[in-house]
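Chemist: Got data_13.cif for you, mmCIF, N, CA and C atoms:
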```
data_model
loop_
_atom_site.group_PDB
_atom_site.id
_atom_site.type_symbol
_atom_site.label_atom_id
_atom_site.label_comp_id
_atom_site.auth_asym_id
_atom_site.auth_seq_id
_atom_site.Cartn_x
_atom_site.Cartn_y
_atom_site.Cartn_z
ATOM 1 N N MET A 1 0.821 -1.191 0.000
ATOM 2 C CA MET A 1 0.000 0.000 0.000
ATOM 3 C C MET A 1 0.869 1.260 0.000
ATOM 4 N N VAL A 2 2.047 1.205 0.567
ATOM 5 C CA VAL A 2 2.932 2.362 0.645
ATOM 6 C C VAL A 2 3.239 2.930 -0.737
ATOM 7 N N ASP A 3 3.252 2.082 -1.745
ATOM 8 C CA ASP A 3 3.567 2.514 -3.108
ATOM 9 C C ASP A 3 2.377 3.124 -3.845
ATOM 10 N N ARG A 4 1.195 3.004 -3.294
ATOM 11 C CA ARG A 4 0.005 3.530 -3.958
ATOM 12 C C ARG A 4 -0.014 5.053 -3.893
ATOM 13 N N PRO A 5 -0.542 5.712 -4.932
ATOM 14 C CA PRO A 5 -0.529 7.182 -4.951
ATOM 15 C C PRO A 5 -1.367 7.821 -3.845
ATOM 16 N N PHE A 6 -2.360 7.103 -3.334
ATOM 17 C CA PHE A 6 -3.222 7.673 -2.301
ATOM 18 C C PHE A 6 -2.675 7.487 -0.887
ATOM 19 N N PHE A 7 -1.554 6.775 -0.730
ATOM 20 C CA PHE A 7 -1.030 6.471 0.603
ATOM 21 C C PHE A 7 -0.774 7.726 1.448
ATOM 22 N N PRO A 8 -0.134 8.770 0.913
ATOM 23 C CA PRO A 8 0.070 9.968 1.743
ATOM 24 C C PRO A 8 -1.240 10.574 2.251
ATOM 25 N N LEU A 9 -2.290 10.507 1.452
ATOM 26 C CA LEU A 9 -3.591 11.018 1.898
ATOM 27 C C LEU A 9 -4.135 10.191 3.053
ATOM 28 N N ILE A 10 -3.937 8.882 2.995
ATOM 29 C CA ILE A 10 -4.388 8.011 4.085
ATOM 30 C C ILE A 10 -3.627 8.332 5.362
ATOM 31 N N VAL A 11 -2.322 8.489 5.250
ATOM 32 C CA VAL A 11 -1.508 8.826 6.425
ATOM 33 C C VAL A 11 -1.973 10.152 7.023
ATOM 34 N N ASP A 12 -2.173 11.156 6.185
ATOM 35 C CA ASP A 12 -2.648 12.455 6.677
ATOM 36 C C ASP A 12 -3.982 12.320 7.398
ATOM 37 N N PHE A 13 -4.899 11.561 6.808
ATOM 38 C CA PHE A 13 -6.214 11.386 7.416
ATOM 39 C C PHE A 13 -6.120 10.618 8.733
ATOM 40 N N MET A 14 -5.373 9.524 8.731
ATOM 41 C CA MET A 14 -5.288 8.673 9.923
ATOM 42 C C MET A 14 -4.570 9.363 11.080
ATOM 43 N N THR A 15 -3.773 10.373 10.790
ATOM 44 C CA THR A 15 -3.056 11.079 11.848
ATOM 45 C C THR A 15 -3.647 12.461 12.128
ATOM 46 N N SER A 16 -4.796 12.764 11.559
ATOM 47 C CA SER A 16 -5.402 14.083 11.718
ATOM 48 C C SER A 16 -6.193 14.236 13.011
ATOM 49 N N GLY A 17 -6.414 13.162 13.716
ATOM 50 C CA GLY A 17 -7.175 13.235 14.951
ATOM 51 C C GLY A 17 -7.177 11.888 15.636
ATOM 52 N N PRO A 18 -7.963 11.767 16.688
ATOM 53 C CA PRO A 18 -8.007 10.496 17.416
ATOM 54 C C PRO A 18 -8.511 9.351 16.538
ATOM 55 N N VAL A 19 -8.010 8.163 16.819
ATOM 56 C CA VAL A 19 -8.456 6.942 16.148
ATOM 57 C C VAL A 19 -8.976 6.004 17.224
ATOM 58 N N ILE A 20 -10.144 5.471 17.015
ATOM 59 C CA ILE A 20 -10.722 4.498 17.935
ATOM 60 C C ILE A 20 -10.690 3.149 17.247
ATOM 61 N N THR A 21 -10.081 2.177 17.890
ATOM 62 C CA THR A 21 -10.022 0.835 17.317
ATOM 63 C C THR A 21 -10.838 -0.117 18.169
ATOM 64 N N GLY A 22 -11.286 -1.181 17.558
ATOM 65 C CA GLY A 22 -12.033 -2.195 18.275
ATOM 66 C C GLY A 22 -12.143 -3.449 17.446
ATOM 67 N N VAL A 23 -12.520 -4.505 18.111
ATOM 68 C CA VAL A 23 -12.723 -5.788 17.450
ATOM 69 C C VAL A 23 -14.131 -6.248 17.792
ATOM 70 N N MET A 24 -14.905 -6.548 16.773
ATOM 71 C CA MET A 24 -16.262 -7.054 16.960
ATOM 72 C C MET A 24 -16.266 -8.552 16.718
ATOM 73 N N SER A 25 -17.189 -9.226 17.356
ATOM 74 C CA SER A 25 -17.322 -10.661 17.112
ATOM 75 C C SER A 25 -18.802 -11.016 17.095
ATOM 76 N N GLY A 26 -19.104 -12.117 16.442
ATOM 77 C CA GLY A 26 -20.480 -12.576 16.375
ATOM 78 C C GLY A 26 -20.769 -13.241 15.046
ATOM 79 N N ASN A 27 -21.945 -13.790 14.937
ATOM 80 C CA ASN A 27 -22.362 -14.442 13.700
ATOM 81 C C ASN A 27 -22.503 -13.404 12.590
ATOM 82 N N GLU A 28 -21.892 -13.684 11.452
ATOM 83 C CA GLU A 28 -21.992 -12.815 10.271
ATOM 84 C C GLU A 28 -21.575 -11.377 10.555
ATOM 85 N N VAL A 29 -20.649 -11.188 11.502
ATOM 86 C CA VAL A 29 -20.277 -9.828 11.910
ATOM 87 C C VAL A 29 -19.631 -9.039 10.773
ATOM 88 N N ILE A 30 -18.857 -9.683 9.918
ATOM 89 C CA ILE A 30 -18.227 -8.948 8.812
ATOM 90 C C ILE A 30 -19.301 -8.388 7.884
ATOM 91 N N THR A 31 -20.232 -9.218 7.488
ATOM 92 C CA THR A 31 -21.306 -8.775 6.595
ATOM 93 C C THR A 31 -22.180 -7.718 7.261
ATOM 94 N N SER A 32 -22.545 -7.946 8.510
ATOM 95 C CA SER A 32 -23.409 -6.998 9.222
ATOM 96 C C SER A 32 -22.745 -5.636 9.379
ATOM 97 N N TRP A 33 -21.481 -5.635 9.785
ATOM 98 C CA TRP A 33 -20.774 -4.376 9.981
ATOM 99 C C TRP A 33 -20.594 -3.637 8.661
ATOM 100 N N ARG A 34 -20.257 -4.367 7.606
ATOM 101 C CA ARG A 34 -20.065 -3.721 6.308
ATOM 102 C C ARG A 34 -21.385 -3.118 5.807
ATOM 103 N N THR A 35 -22.498 -3.749 6.115
ATOM 104 C CA THR A 35 -23.804 -3.190 5.760
ATOM 105 C C THR A 35 -24.061 -1.903 6.539
ATOM 106 N N MET A 36 -23.751 -1.902 7.836
ATOM 107 C CA MET A 36 -23.948 -0.703 8.653
ATOM 108 C C MET A 36 -23.032 0.436 8.218
ATOM 109 N N MET A 37 -21.816 0.102 7.748
ATOM 110 C CA MET A 37 -20.881 1.136 7.302
ATOM 111 C C MET A 37 -21.371 1.817 6.036
ATOM 112 N N GLY A 38 -21.916 1.063 5.107
ATOM 113 C CA GLY A 38 -22.321 1.607 3.818
ATOM 114 C C GLY A 38 -21.199 1.506 2.805
ATOM 115 N N ALA A 39 -21.471 1.936 1.590
ATOM 116 C CA ALA A 39 -20.497 1.857 0.500
ATOM 117 C C ALA A 39 -19.235 2.644 0.840
ATOM 118 N N THR A 40 -18.090 2.166 0.341
ATOM 119 C CA THR A 40 -16.807 2.828 0.598
ATOM 120 C C THR A 40 -16.821 4.271 0.122
ATOM 121 N N ASN A 41 -17.389 4.510 -1.040
ATOM 122 C CA ASN A 41 -17.510 5.873 -1.559
ATOM 123 C C ASN A 41 -18.728 6.522 -0.896
ATOM 124 N N PRO A 42 -18.526 7.548 -0.085
ATOM 125 C CA PRO A 42 -19.653 8.170 0.609
ATOM 126 C C PRO A 42 -20.768 8.646 -0.316
ATOM 127 N N LYS A 43 -20.428 9.008 -1.550
ATOM 128 C CA LYS A 43 -21.457 9.451 -2.495
ATOM 129 C C LYS A 43 -22.393 8.315 -2.892
ATOM 130 N N GLU A 44 -21.944 7.077 -2.707
ATOM 131 C CA GLU A 44 -22.758 5.907 -3.047
ATOM 132 C C GLU A 44 -23.390 5.262 -1.814
ATOM 133 N N ALA A 45 -23.034 5.736 -0.634
ATOM 134 C CA ALA A 45 -23.540 5.147 0.605
ATOM 135 C C ALA A 45 -24.972 5.605 0.869
ATOM 136 N N LEU A 46 -25.798 4.677 1.265
ATOM 137 C CA LEU A 46 -27.204 4.985 1.527
ATOM 138 C C LEU A 46 -27.377 5.794 2.808
ATOM 139 N N PRO A 47 -28.379 6.668 2.847
ATOM 140 C CA PRO A 47 -28.708 7.349 4.099
ATOM 141 C C PRO A 47 -29.026 6.302 5.169
ATOM 142 N N GLY A 48 -28.643 6.600 6.388
ATOM 143 C CA GLY A 48 -28.857 5.654 7.474
ATOM 144 C C GLY A 48 -27.655 4.768 7.734
ATOM 145 N N THR A 49 -26.680 4.780 6.812
ATOM 146 C CA THR A 49 -25.425 4.071 7.063
ATOM 147 C C THR A 49 -24.436 5.074 7.654
ATOM 148 N N ILE A 50 -23.387 4.573 8.287
ATOM 149 C CA ILE A 50 -22.397 5.467 8.893
ATOM 150 C C ILE A 50 -21.791 6.386 7.843
ATOM 151 N N ARG A 51 -21.366 5.813 6.735
ATOM 152 C CA ARG A 51 -20.755 6.636 5.687
ATOM 153 C C ARG A 51 -21.775 7.527 4.990
ATOM 154 N N GLY A 52 -22.977 7.027 4.813
ATOM 155 C CA GLY A 52 -24.009 7.829 4.173
ATOM 156 C C GLY A 52 -24.385 9.055 4.982
ATOM 157 N N ASP A 53 -24.320 8.933 6.308
ATOM 158 C CA ASP A 53 -24.706 10.045 7.173
ATOM 159 C C ASP A 53 -23.548 10.954 7.578
ATOM 160 N N TYR A 54 -22.332 10.406 7.679
ATOM 161 C CA TYR A 54 -21.246 11.181 8.284
ATOM 162 C C TYR A 54 -19.982 11.359 7.443
ATOM 163 N N ALA A 55 -19.776 10.551 6.422
ATOM 164 C CA ALA A 55 -18.535 10.626 5.648
ATOM 165 C C ALA A 55 -18.563 11.800 4.679
ATOM 166 N N GLN A 56 -17.374 12.156 4.183
ATOM 167 C CA GLN A 56 -17.248 13.270 3.248
ATOM 168 C C GLN A 56 -16.492 12.815 2.009
ATOM 169 N N ALA A 57 -16.973 13.242 0.854
ATOM 170 C CA ALA A 57 -16.297 12.937 -0.410
ATOM 171 C C ALA A 57 -16.195 14.225 -1.212
ATOM 172 N N PRO A 58 -15.014 14.520 -1.730
ATOM 173 C CA PRO A 58 -14.858 15.736 -2.531
ATOM 174 C C PRO A 58 -15.525 15.581 -3.893
ATOM 175 N N ASP A 59 -15.814 16.693 -4.537
ATOM 176 C CA ASP A 59 -16.382 16.637 -5.885
ATOM 177 C C ASP A 59 -15.373 16.095 -6.877
ATOM 178 N N GLU A 60 -14.137 16.560 -6.811
ATOM 179 C CA GLU A 60 -13.082 16.073 -7.701
ATOM 180 C C GLU A 60 -11.761 16.098 -6.965
ATOM 181 N N GLY A 61 -11.010 15.008 -7.087
ATOM 182 C CA GLY A 61 -9.702 14.961 -6.448
ATOM 183 C C GLY A 61 -9.822 15.052 -4.942
ATOM 184 N N GLY A 62 -8.717 15.232 -4.279
ATOM 185 C CA GLY A 62 -8.736 15.364 -2.833
ATOM 186 C C GLY A 62 -9.007 14.046 -2.144
ATOM 187 N N ALA A 63 -8.985 14.094 -0.845
ATOM 188 C CA ALA A 63 -9.148 12.882 -0.041
ATOM 189 C C ALA A 63 -10.617 12.610 0.240
ATOM 190 N N THR A 64 -10.958 11.349 0.250
ATOM 191 C CA THR A 64 -12.279 10.915 0.673
ATOM 192 C C THR A 64 -12.182 10.521 2.134
ATOM 193 N N PHE A 65 -13.005 11.112 2.966
ATOM 194 C CA PHE A 65 -13.024 10.790 4.384
ATOM 195 C C PHE A 65 -14.217 9.877 4.641
ATOM 196 N N ASN A 66 -13.979 8.564 4.465
ATOM 197 C CA ASN A 66 -15.099 7.636 4.596
ATOM 198 C C ASN A 66 -15.323 7.216 6.038
ATOM 199 N N ILE A 67 -14.583 7.737 6.963
ATOM 200 C CA ILE A 67 -14.795 7.782 8.405
ATOM 201 C C ILE A 67 -14.690 6.455 9.162
ATOM 202 N N VAL A 68 -14.839 5.333 8.508
ATOM 203 C CA VAL A 68 -14.884 4.065 9.241
ATOM 204 C C VAL A 68 -14.281 2.958 8.385
ATOM 205 N N HIS A 69 -13.738 1.954 9.053
ATOM 206 C CA HIS A 69 -13.153 0.816 8.340
ATOM 207 C C HIS A 69 -13.712 -0.473 8.912
ATOM 208 N N GLY A 70 -13.834 -1.454 8.063
ATOM 209 C CA GLY A 70 -14.198 -2.802 8.481
ATOM 210 C C GLY A 70 -13.499 -3.807 7.598
ATOM 211 N N SER A 71 -12.960 -4.826 8.200
ATOM 212 C CA SER A 71 -12.273 -5.873 7.436
ATOM 213 C C SER A 71 -13.250 -6.539 6.480
ATOM 214 N N ASP A 72 -12.712 -6.998 5.339
ATOM 215 C CA ASP A 72 -13.576 -7.600 4.322
ATOM 216 C C ASP A 72 -13.540 -9.121 4.303
ATOM 217 N N SER A 73 -12.728 -9.738 5.152
ATOM 218 C CA SER A 73 -12.636 -11.198 5.175
ATOM 219 C C SER A 73 -12.014 -11.640 6.498
ATOM 220 N N PRO A 74 -12.199 -12.896 6.872
ATOM 221 C CA PRO A 74 -11.546 -13.399 8.094
ATOM 222 C C PRO A 74 -10.023 -13.245 8.045
ATOM 223 N N GLU A 75 -9.440 -13.392 6.862
ATOM 224 C CA GLU A 75 -7.988 -13.233 6.726
ATOM 225 C C GLU A 75 -7.574 -11.785 7.007
ATOM 226 N N SER A 76 -8.352 -10.849 6.499
ATOM 227 C CA SER A 76 -8.073 -9.432 6.769
ATOM 228 C C SER A 76 -8.228 -9.121 8.252
ATOM 229 N N VAL A 77 -9.216 -9.731 8.876
ATOM 230 C CA VAL A 77 -9.422 -9.538 10.318
ATOM 231 C C VAL A 77 -8.149 -9.903 11.073
ATOM 232 N N GLU A 78 -7.620 -11.079 10.811
ATOM 233 C CA GLU A 78 -6.420 -11.538 11.514
ATOM 234 C C GLU A 78 -5.239 -10.604 11.262
ATOM 235 N N ARG A 79 -5.038 -10.213 10.023
ATOM 236 C CA ARG A 79 -3.926 -9.327 9.673
ATOM 237 C C ARG A 79 -4.085 -7.966 10.352
ATOM 238 N N GLU A 80 -5.294 -7.420 10.354
ATOM 239 C CA GLU A 80 -5.514 -6.092 10.905
ATOM 240 C C GLU A 80 -5.486 -6.089 12.430
ATOM 241 N N ILE A 81 -5.944 -7.149 13.065
ATOM 242 C CA ILE A 81 -5.813 -7.254 14.524
ATOM 243 C C ILE A 81 -4.338 -7.244 14.905
ATOM 244 N N ALA A 82 -3.525 -8.009 14.177
ATOM 245 C CA ALA A 82 -2.084 -8.041 14.453
ATOM 246 C C ALA A 82 -1.456 -6.668 14.224
ATOM 247 N N LEU A 83 -1.905 -5.963 13.200
ATOM 248 C CA LEU A 83 -1.366 -4.640 12.898
ATOM 249 C C LEU A 83 -1.648 -3.650 14.027
ATOM 250 N N TRP A 84 -2.882 -3.640 14.510
ATOM 251 C CA TRP A 84 -3.280 -2.661 15.524
ATOM 252 C C TRP A 84 -2.920 -3.062 16.951
ATOM 253 N N PHE A 85 -3.018 -4.357 17.243
ATOM 254 C CA PHE A 85 -2.876 -4.800 18.629
ATOM 255 C C PHE A 85 -1.660 -5.686 18.879
ATOM 256 N N GLY A 86 -0.886 -5.981 17.848
ATOM 257 C CA GLY A 86 0.250 -6.890 17.993
ATOM 258 C C GLY A 86 -0.213 -8.327 17.865
ATOM 259 N N GLU A 87 0.743 -9.204 17.689
ATOM 260 C CA GLU A 87 0.386 -10.606 17.434
ATOM 261 C C GLU A 87 0.114 -11.371 18.693
#
```
In C-alpha cells, write the structure found in this file.
Modeler:
Amino acid sequence: MVDRPFFPLIVDFMTSGPVITGVMSGNEVITSWRTMMGATNPKEALPGTIRGDYAQAPDEGGATFNIVHGSDSPESVEREIALWFGE
C-alpha cells in the first residue's frame, strides 16, 4: 500500500485526529458491519449508514473521508488485529 498514490492522503487522514479501534465478534459480523458502514464511496452510501450520514467525499480529487473501516474477510481480520494490537 505504501507505493500507492493515495497512501500519503491516508496517512494524513489517519493522523489528523483520534483513532478508535475495536474488534467485533459474532455471527456474520463482517457482513453486518459492512452493511452498517455503507459503501466505501460516501457518495454511493445509503442514508442511514455510517458513511451515508457522516462521511465526506470531494467533488473532484482530494481525499475521501469515509470515516470508518471494516475488514472484508476473516484473513483481513487476523492481519488487521495483528497490525493494531500486535500478534
Chemist: When the PyMOL selection byres (((chain A and resi 22 and name CA) around 12) and name CA) is applied to the structure above, which residues does it catch, written out as a PyMOL selection string?
Modeler: chain A and resi 19-21+23-25+68-71+77+80-81+84-85
Chemist: For region 34-41 of chain A, work out the shell of residues within 8 Å, counting only C-alpha atoms and skipping chain neighbours fewer than 4 positions away, then give it as a PyMOL selection string.
Modeler: chain A and resi 30+45-46+49-52+57+64+66+68-70+72
Chemist: Hey, can you check how far atom C of Ala55 (chain A) sits from atom C of Lys43 (chain A)?
Modeler: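 Here the two named atoms are 9.2 Å from each other.
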Chemist: Go ahead and compute the interatomic distance for CA of Gln56 (chain A) and CA of Pro42 (chain A), in Å to one decimal.
Modeler: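 CA of Pro42 (chain A) lies at a distance of 6.2 Å from CA of Gln56 (chain A).
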Chemist: As a ChimeraX atom specification, which residues of chain A does DSSP assign to alpha helix (DSSP H)?
Modeler: /A:7-14,29-37,50-54,74-85
Chemist: Limited to N, CA and C atoms, could you put the picked residues into a file as a compact mmCIF listing (two decimals), in the coordinates of the input?
Modeler:
```
# COMPACT_ATOMS: atom_id res chain seq x y z
N PHE A 7 -1.55 6.78 -0.73
CA PHE A 7 -1.03 6.47 0.60
C PHE A 7 -0.77 7.73 1.45
N PRO A 8 -0.13 8.77 0.91
CA PRO A 8 0.07 9.97 1.74
C PRO A 8 -1.24 10.57 2.25
N LEU A 9 -2.29 10.51 1.45
CA LEU A 9 -3.59 11.02 1.90
C LEU A 9 -4.14 10.19 3.05
N ILE A 10 -3.94 8.88 3.00
CA ILE A 10 -4.39 8.01 4.08
C ILE A 10 -3.63 8.33 5.36
N VAL A 11 -2.32 8.49 5.25
CA VAL A 11 -1.51 8.83 6.42
C VAL A 11 -1.97 10.15 7.02
N ASP A 12 -2.17 11.16 6.18
CA ASP A 12 -2.65 12.46 6.68
C ASP A 12 -3.98 12.32 7.40
N PHE A 13 -4.90 11.56 6.81
CA PHE A 13 -6.21 11.39 7.42
C PHE A 13 -6.12 10.62 8.73
N MET A 14 -5.37 9.52 8.73
CA MET A 14 -5.29 8.67 9.92
C MET A 14 -4.57 9.36 11.08
N VAL A 29 -20.65 -11.19 11.50
CA VAL A 29 -20.28 -9.83 11.91
C VAL A 29 -19.63 -9.04 10.77
N ILE A 30 -18.86 -9.68 9.92
CA ILE A 30 -18.23 -8.95 8.81
C ILE A 30 -19.30 -8.39 7.88
N THR A 31 -20.23 -9.22 7.49
CA THR A 31 -21.31 -8.78 6.60
C THR A 31 -22.18 -7.72 7.26
N SER A 32 -22.54 -7.95 8.51
CA SER A 32 -23.41 -7.00 9.22
C SER A 32 -22.74 -5.64 9.38
N TRP A 33 -21.48 -5.64 9.78
CA TRP A 33 -20.77 -4.38 9.98
C TRP A 33 -20.59 -3.64 8.66
N ARG A 34 -20.26 -4.37 7.61
CA ARG A 34 -20.07 -3.72 6.31
C ARG A 34 -21.38 -3.12 5.81
N THR A 35 -22.50 -3.75 6.12
CA THR A 35 -23.80 -3.19 5.76
C THR A 35 -24.06 -1.90 6.54
N MET A 36 -23.75 -1.90 7.84
CA MET A 36 -23.95 -0.70 8.65
C MET A 36 -23.03 0.44 8.22
N MET A 37 -21.82 0.10 7.75
CA MET A 37 -20.88 1.14 7.30
C MET A 37 -21.37 1.82 6.04
N ILE A 50 -23.39 4.57 8.29
CA ILE A 50 -22.40 5.47 8.89
C ILE A 50 -21.79 6.39 7.84
N ARG A 51 -21.37 5.81 6.74
CA ARG A 51 -20.76 6.64 5.69
C ARG A 51 -21.78 7.53 4.99
N GLY A 52 -22.98 7.03 4.81
CA GLY A 52 -24.01 7.83 4.17
C GLY A 52 -24.38 9.06 4.98
N ASP A 53 -24.32 8.93 6.31
CA ASP A 53 -24.71 10.04 7.17
C ASP A 53 -23.55 10.95 7.58
N TYR A 54 -22.33 10.41 7.68
CA TYR A 54 -21.25 11.18 8.28
C TYR A 54 -19.98 11.36 7.44
N PRO A 74 -12.20 -12.90 6.87
CA PRO A 74 -11.55 -13.40 8.09
C PRO A 74 -10.02 -13.24 8.04
N GLU A 75 -9.44 -13.39 6.86
CA GLU A 75 -7.99 -13.23 6.73
C GLU A 75 -7.57 -11.78 7.01
N SER A 76 -8.35 -10.85 6.50
CA SER A 76 -8.07 -9.43 6.77
C SER A 76 -8.23 -9.12 8.25
N VAL A 77 -9.22 -9.73 8.88
CA VAL A 77 -9.42 -9.54 10.32
C VAL A 77 -8.15 -9.90 11.07
N GLU A 78 -7.62 -11.08 10.81
CA GLU A 78 -6.42 -11.54 11.51
C GLU A 78 -5.24 -10.60 11.26
N ARG A 79 -5.04 -10.21 10.02
CA ARG A 79 -3.93 -9.33 9.67
C ARG A 79 -4.08 -7.97 10.35
N GLU A 80 -5.29 -7.42 10.35
CA GLU A 80 -5.51 -6.09 10.90
C GLU A 80 -5.49 -6.09 12.43
N ILE A 81 -5.94 -7.15 13.06
CA ILE A 81 -5.81 -7.25 14.52
C ILE A 81 -4.34 -7.24 14.90
N ALA A 82 -3.52 -8.01 14.18
CA ALA A 82 -2.08 -8.04 14.45
C ALA A 82 -1.46 -6.67 14.22
N LEU A 83 -1.90 -5.96 13.20
CA LEU A 83 -1.37 -4.64 12.90
C LEU A 83 -1.65 -3.65 14.03
N TRP A 84 -2.88 -3.64 14.51
CA TRP A 84 -3.28 -2.66 15.52
C TRP A 84 -2.92 -3.06 16.95
N PHE A 85 -3.02 -4.36 17.24
CA PHE A 85 -2.88 -4.80 18.63
C PHE A 85 -1.66 -5.69 18.88
```
Chemist: Record the distance separating CA of Glu28 (chain A) and atom N of Glu75 (chain A), expressed in Å with one decimal.
Modeler: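 Atom N of Glu75 (chain A) lies 13.0 Å from CA of Glu28 (chain A).
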Chemist: I need the residue nearest Thr31 (chain A) from this list: A:Ile10, A:Glu60, A:Ser73, A:Leu83. Use all atoms listed in the file for the distance.
Modeler: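 Going through A:Ile10, A:Glu60, A:Ser73, A:Leu83 one by one, the smallest distance to Thr31 (chain A) is for A:Ser73.
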